[in-house]
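Working notes for the structure below.
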Amino acid sequence: MGKAKVGDSIEWEDKKTGVINTGTVRKVLSKSVIVDIDGTYDATVVSNKRYKIKNEA
């Protein structure tokens with residue numbers, strides 16, 4: 001699995017609820033990415049170990 005880039009669409013599972021979330025990568029950090037969550041005005045940090053790339057930019 002490759003590392004996401006800015007603009008990629010990714011999905012990850014919320015550890016608390018088990019819900020699969022999707023979003024667009026805003027910024028790439030060394031061990032995680034900052035993601036704009038689809039359908040909301042929120043953003044979150046997702047570890048590189050927890051996400052799968054859905055669509056590359």
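In the structure tokens, chains take the letters A, B, ... in the order shown, each chain's residues start at 1, and ligands count up from 1 in the order shown.
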
Would you list the contacts of segment 24-38 of chain A as a PyMOL selection string, taking every protein, DNA or RNA residue within 10 Å and counting only C-alpha atoms, but skipping same-chain residues closer than 2 positions in sequence? chain A and resi 3-11+21-22+40-51+53-57

Select from chain A everything DSSP, run on the backbone, classes as strand (DSSP E), then give the selection as an MDAnalysis selection string. chainID A and resid 9:13 20:28 32:37 43:47 51:55

Limited to C-alpha atoms, could you put the picked residues into a file as an mmCIF file, in the first residue's frame?
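Listing of out.cif after writing:
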data_model
loop_
_atom_site.group_PDB
_atom_site.id
_atom_site.type_symbol
_atom_site.label_atom_id
_atom_site.label_comp_id
_atom_site.auth_asym_id
_atom_site.auth_seq_id
_atom_site.Cartn_x
_atom_site.Cartn_y
_atom_site.Cartn_z
ATOM 1 C CA SER A 9 -9.689 10.142 -1.434
ATOM 2 C CA ILE A 10 -9.189 7.709 1.466
ATOM 3 C CA GLU A 11 -11.339 5.616 3.785
ATOM 4 C CA TRP A 12 -10.732 4.510 7.370
ATOM 5 C CA GLU A 13 -12.639 2.885 10.217
ATOM 6 C CA ILE A 20 -16.199 3.567 7.736
ATOM 7 C CA ASN A 21 -15.449 7.239 7.008
ATOM 8 C CA THR A 22 -14.223 8.774 3.761
ATOM 9 C CA GLY A 23 -12.431 12.017 3.108
ATOM 10 C CA THR A 24 -9.925 13.936 1.046
ATOM 11 C CA VAL A 25 -6.307 14.342 2.142
ATOM 12 C CA ARG A 26 -5.514 17.978 2.966
ATOM 13 C CA LYS A 27 -1.931 17.575 4.253
ATOM 14 C CA VAL A 28 0.572 14.718 4.509
ATOM 15 C CA SER A 32 -0.310 10.377 9.341
ATOM 16 C CA VAL A 33 -2.488 12.549 7.118
ATOM 17 C CA ILE A 34 -4.913 15.403 7.817
ATOM 18 C CA VAL A 35 -8.236 14.631 6.145
ATOM 19 C CA ASP A 36 -11.321 16.727 5.349
ATOM 20 C CA ILE A 37 -14.201 14.387 6.245
ATOM 21 C CA ALA A 43 -11.146 17.509 9.617
ATOM 22 C CA THR A 44 -9.236 14.794 11.460
ATOM 23 C CA VAL A 45 -5.819 13.175 11.632
ATOM 24 C CA VAL A 46 -5.574 9.554 10.419
ATOM 25 C CA SER A 47 -2.531 7.327 10.983
ATOM 26 C CA TYR A 51 -6.442 4.162 5.964
ATOM 27 C CA LYS A 52 -6.893 2.721 2.487
ATOM 28 C CA ILE A 53 -6.637 4.860 -0.650
ATOM 29 C CA LYS A 54 -9.951 4.875 -2.570
ATOM 30 C CA ASN A 55 -9.071 7.200 -5.460
#
